[in-house]
file structure.csv (CSV, C-alpha atoms)
chain,number,residue,atom,x,y,z
A,976,MET,CA,95.4,173.6,-57.2
A,977,ALA,CA,96.8,171.1,-59.6
A,978,ARG,CA,95.1,170.0,-62.8
A,979,SER,CA,93.5,166.5,-62.8
A,980,LEU,CA,95.4,163.6,-64.5
A,981,LYS,CA,92.2,162.7,-66.4
A,982,LYS,CA,92.2,166.1,-68.2
A,983,GLY,CA,96.0,166.0,-68.9
A,984,PRO,CA,98.3,168.9,-69.2
A,985,PHE,CA,97.1,172.3,-70.5
A,986,ALA,CA,99.1,174.1,-73.2
A,987,ASP,CA,97.6,177.1,-75.1
A,988,ASP,CA,97.7,177.1,-78.9
A,989,HIS,CA,100.1,180.1,-79.1
A,990,LEU,CA,102.5,178.4,-76.8
A,991,LEU,CA,102.5,175.2,-78.8
A,992,LYS,CA,103.2,177.2,-81.9
A,993,LYS,CA,106.3,178.8,-80.3
A,994,VAL,CA,107.6,175.4,-79.1
A,995,GLN,CA,107.0,173.8,-82.6
A,996,ALA,CA,108.9,176.7,-84.2
A,997,ILE,CA,111.9,176.1,-81.9
A,998,ILE,CA,111.8,172.3,-82.7
A,999,ASP,CA,111.6,173.0,-86.5
A,1000,GLY,CA,114.6,175.4,-86.2
A,1001,LYS,CA,112.6,178.4,-87.3
A,1002,ALA,CA,113.1,180.3,-84.1
A,1003,PRO,CA,116.1,180.8,-81.8
A,1004,LYS,CA,116.4,178.6,-78.8
A,1005,LYS,CA,115.7,181.0,-75.9
A,1006,PRO,CA,113.3,180.9,-73.0
A,1007,ILE,CA,109.6,181.2,-73.7
A,1008,LYS,CA,107.7,183.6,-71.5
A,1009,THR,CA,104.5,182.1,-70.3
A,1010,TRP,CA,102.9,184.9,-68.5

call {"tool": "encode", "arguments": {"input": "structure.csv", "output": "structure tokens"}}
result
Amino acid sequence: MARSLKKGPFADDHLLKKVQAIIDGKAPKKPIKTW
């Protein structure tokens, strides 16, 4: 079942931290495991 548009996308805090580290150049650019 899809998430409603009213709620918007869901991203957990620890995943956002990993993405931000890649954007800032503090982590290597490799796939992030999400499971």

call {"tool": "atom_distance", "arguments": {"input": "structure.csv", "atom1": "atom CA of A:Lys1005", "atom2": "atom CA of A:Leu990"}}
result
13.5 Å

call {"tool": "residues_around", "arguments": {"input": "structure.csv", "residues": "A:Leu991", "least_positions_apart": "6", "cutoff": "12 Å", "atoms": "only C-alpha atoms", "output": "mmCIF file with C-alpha atoms, keeping the file's coordinate frame"}}
result
data_model
loop_
_atom_site.group_PDB
_atom_site.id
_atom_site.type_symbol
_atom_site.label_atom_id
_atom_site.label_comp_id
_atom_site.auth_asym_id
_atom_site.auth_seq_id
_atom_site.Cartn_x
_atom_site.Cartn_y
_atom_site.Cartn_z
ATOM 1 C CA PHE A 985 97.100 172.300 -70.500
ATOM 2 C CA ILE A 997 111.900 176.100 -81.900
ATOM 3 C CA ILE A 998 111.800 172.300 -82.700
ATOM 4 C CA ILE A 1007 109.600 181.200 -73.700
ATOM 5 C CA THR A 1009 104.500 182.100 -70.300
#

call {"tool": "atom_distance", "arguments": {"input": "structure.csv", "atom1": "atom CA of A:Lys981", "atom2": "atom CA of A:Lys1008"}}
result
26.5 Å

call {"tool": "decode", "arguments": {"input": "structure.csv", "residues": "stretch 978-1003 of chain A", "atoms": "N, CA and C atoms", "output": "PDB file, in the first residue's frame"}}
result
ATOM      1  N   ARG A 978       2.002   5.249   0.511  1.00  0.00           N
ATOM      2  CA  ARG A 978       1.807   6.283   1.522  1.00  0.00           C
ATOM      3  C   ARG A 978       1.009   7.433   0.907  1.00  0.00           C
ATOM      4  N   SER A 979       0.154   8.074   1.703  1.00  0.00           N
ATOM      5  CA  SER A 979      -0.692   9.140   1.166  1.00  0.00           C
ATOM      6  C   SER A 979       0.147  10.372   0.815  1.00  0.00           C
ATOM      7  N   LEU A 980      -0.291  11.118  -0.170  1.00  0.00           N
ATOM      8  CA  LEU A 980       0.411  12.335  -0.576  1.00  0.00           C
ATOM      9  C   LEU A 980       0.345  13.395   0.512  1.00  0.00           C
ATOM     10  N   LYS A 981      -0.717  13.375   1.300  1.00  0.00           N
ATOM     11  CA  LYS A 981      -0.876  14.360   2.369  1.00  0.00           C
ATOM     12  C   LYS A 981       0.230  14.206   3.420  1.00  0.00           C
ATOM     13  N   LYS A 982       0.619  12.974   3.710  1.00  0.00           N
ATOM     14  CA  LYS A 982       1.660  12.715   4.709  1.00  0.00           C
ATOM     15  C   LYS A 982       3.055  12.967   4.150  1.00  0.00           C
ATOM     16  N   GLY A 983       3.226  12.800   2.862  1.00  0.00           N
ATOM     17  CA  GLY A 983       4.529  13.002   2.255  1.00  0.00           C
ATOM     18  C   GLY A 983       5.411  11.772   2.396  1.00  0.00           C
ATOM     19  N   PRO A 984       6.623  11.828   1.850  1.00  0.00           N
ATOM     20  CA  PRO A 984       7.513  10.666   1.899  1.00  0.00           C
ATOM     21  C   PRO A 984       8.033  10.420   3.315  1.00  0.00           C
ATOM     22  N   PHE A 985       8.358   9.164   3.602  1.00  0.00           N
ATOM     23  CA  PHE A 985       8.911   8.812   4.909  1.00  0.00           C
ATOM     24  C   PHE A 985      10.380   8.485   4.752  1.00  0.00           C
ATOM     25  N   ALA A 986      11.211   9.084   5.561  1.00  0.00           N
ATOM     26  CA  ALA A 986      12.630   8.748   5.622  1.00  0.00           C
ATOM     27  C   ALA A 986      13.046   8.788   7.082  1.00  0.00           C
ATOM     28  N   ASP A 987      13.597   7.679   7.572  1.00  0.00           N
ATOM     29  CA  ASP A 987      14.007   7.596   8.964  1.00  0.00           C
ATOM     30  C   ASP A 987      15.236   8.479   9.203  1.00  0.00           C
ATOM     31  N   ASP A 988      15.417   8.912  10.450  1.00  0.00           N
ATOM     32  CA  ASP A 988      16.507   9.832  10.790  1.00  0.00           C
ATOM     33  C   ASP A 988      17.878   9.253  10.458  1.00  0.00           C
ATOM     34  N   HIS A 989      18.101   7.965  10.741  1.00  0.00           N
ATOM     35  CA  HIS A 989      19.427   7.409  10.477  1.00  0.00           C
ATOM     36  C   HIS A 989      19.727   7.344   8.978  1.00  0.00           C
ATOM     37  N   LEU A 990      18.695   7.190   8.143  1.00  0.00           N
ATOM     38  CA  LEU A 990      18.923   7.209   6.699  1.00  0.00           C
ATOM     39  C   LEU A 990      19.239   8.623   6.218  1.00  0.00           C
ATOM     40  N   LEU A 991      18.544   9.613   6.774  1.00  0.00           N
ATOM     41  CA  LEU A 991      18.816  11.002   6.391  1.00  0.00           C
ATOM     42  C   LEU A 991      20.234  11.408   6.768  1.00  0.00           C
ATOM     43  N   LYS A 992      20.730  10.924   7.904  1.00  0.00           N
ATOM     44  CA  LYS A 992      22.101  11.230   8.319  1.00  0.00           C
ATOM     45  C   LYS A 992      23.113  10.638   7.342  1.00  0.00           C
ATOM     46  N   LYS A 993      22.846   9.422   6.861  1.00  0.00           N
ATOM     47  CA  LYS A 993      23.747   8.796   5.895  1.00  0.00           C
ATOM     48  C   LYS A 993      23.758   9.567   4.578  1.00  0.00           C
ATOM     49  N   VAL A 994      22.586   9.987   4.121  1.00  0.00           N
ATOM     50  CA  VAL A 994      22.493  10.747   2.876  1.00  0.00           C
ATOM     51  C   VAL A 994      23.201  12.088   3.025  1.00  0.00           C
ATOM     52  N   GLN A 995      23.013  12.756   4.153  1.00  0.00           N
ATOM     53  CA  GLN A 995      23.658  14.050   4.378  1.00  0.00           C
ATOM     54  C   GLN A 995      25.175  13.905   4.428  1.00  0.00           C
ATOM     55  N   ALA A 996      25.682  12.813   5.000  1.00  0.00           N
ATOM     56  CA  ALA A 996      27.126  12.581   5.049  1.00  0.00           C
ATOM     57  C   ALA A 996      27.691  12.418   3.642  1.00  0.00           C
ATOM     58  N   ILE A 997      26.959  11.763   2.758  1.00  0.00           N
ATOM     59  CA  ILE A 997      27.416  11.603   1.376  1.00  0.00           C
ATOM     60  C   ILE A 997      27.407  12.951   0.665  1.00  0.00           C
ATOM     61  N   ILE A 998      26.369  13.748   0.895  1.00  0.00           N
ATOM     62  CA  ILE A 998      26.283  15.065   0.259  1.00  0.00           C
ATOM     63  C   ILE A 998      27.418  15.965   0.729  1.00  0.00           C
ATOM     64  N   ASP A 999      27.752  15.904   2.019  1.00  0.00           N
ATOM     65  CA  ASP A 999      28.811  16.742   2.578  1.00  0.00           C
ATOM     66  C   ASP A 999      30.205  16.241   2.210  1.00  0.00           C
ATOM     67  N   GLY A1000      30.308  15.051   1.638  1.00  0.00           N
ATOM     68  CA  GLY A1000      31.598  14.500   1.248  1.00  0.00           C
ATOM     69  C   GLY A1000      32.303  13.781   2.374  1.00  0.00           C
ATOM     70  N   LYS A1001      31.618  13.499   3.472  1.00  0.00           N
ATOM     71  CA  LYS A1001      32.232  12.829   4.618  1.00  0.00           C
ATOM     72  C   LYS A1001      32.168  11.311   4.504  1.00  0.00           C
ATOM     73  N   ALA A1002      31.390  10.804   3.561  1.00  0.00           N
ATOM     74  CA  ALA A1002      31.240   9.363   3.381  1.00  0.00           C
ATOM     75  C   ALA A1002      31.409   9.030   1.905  1.00  0.00           C
ATOM     76  N   PRO A1003      31.903   7.833   1.610  1.00  0.00           N
ATOM     77  CA  PRO A1003      32.057   7.447   0.195  1.00  0.00           C
ATOM     78  C   PRO A1003      30.708   7.282  -0.489  1.00  0.00           C
TER      79      PRO A1003
END
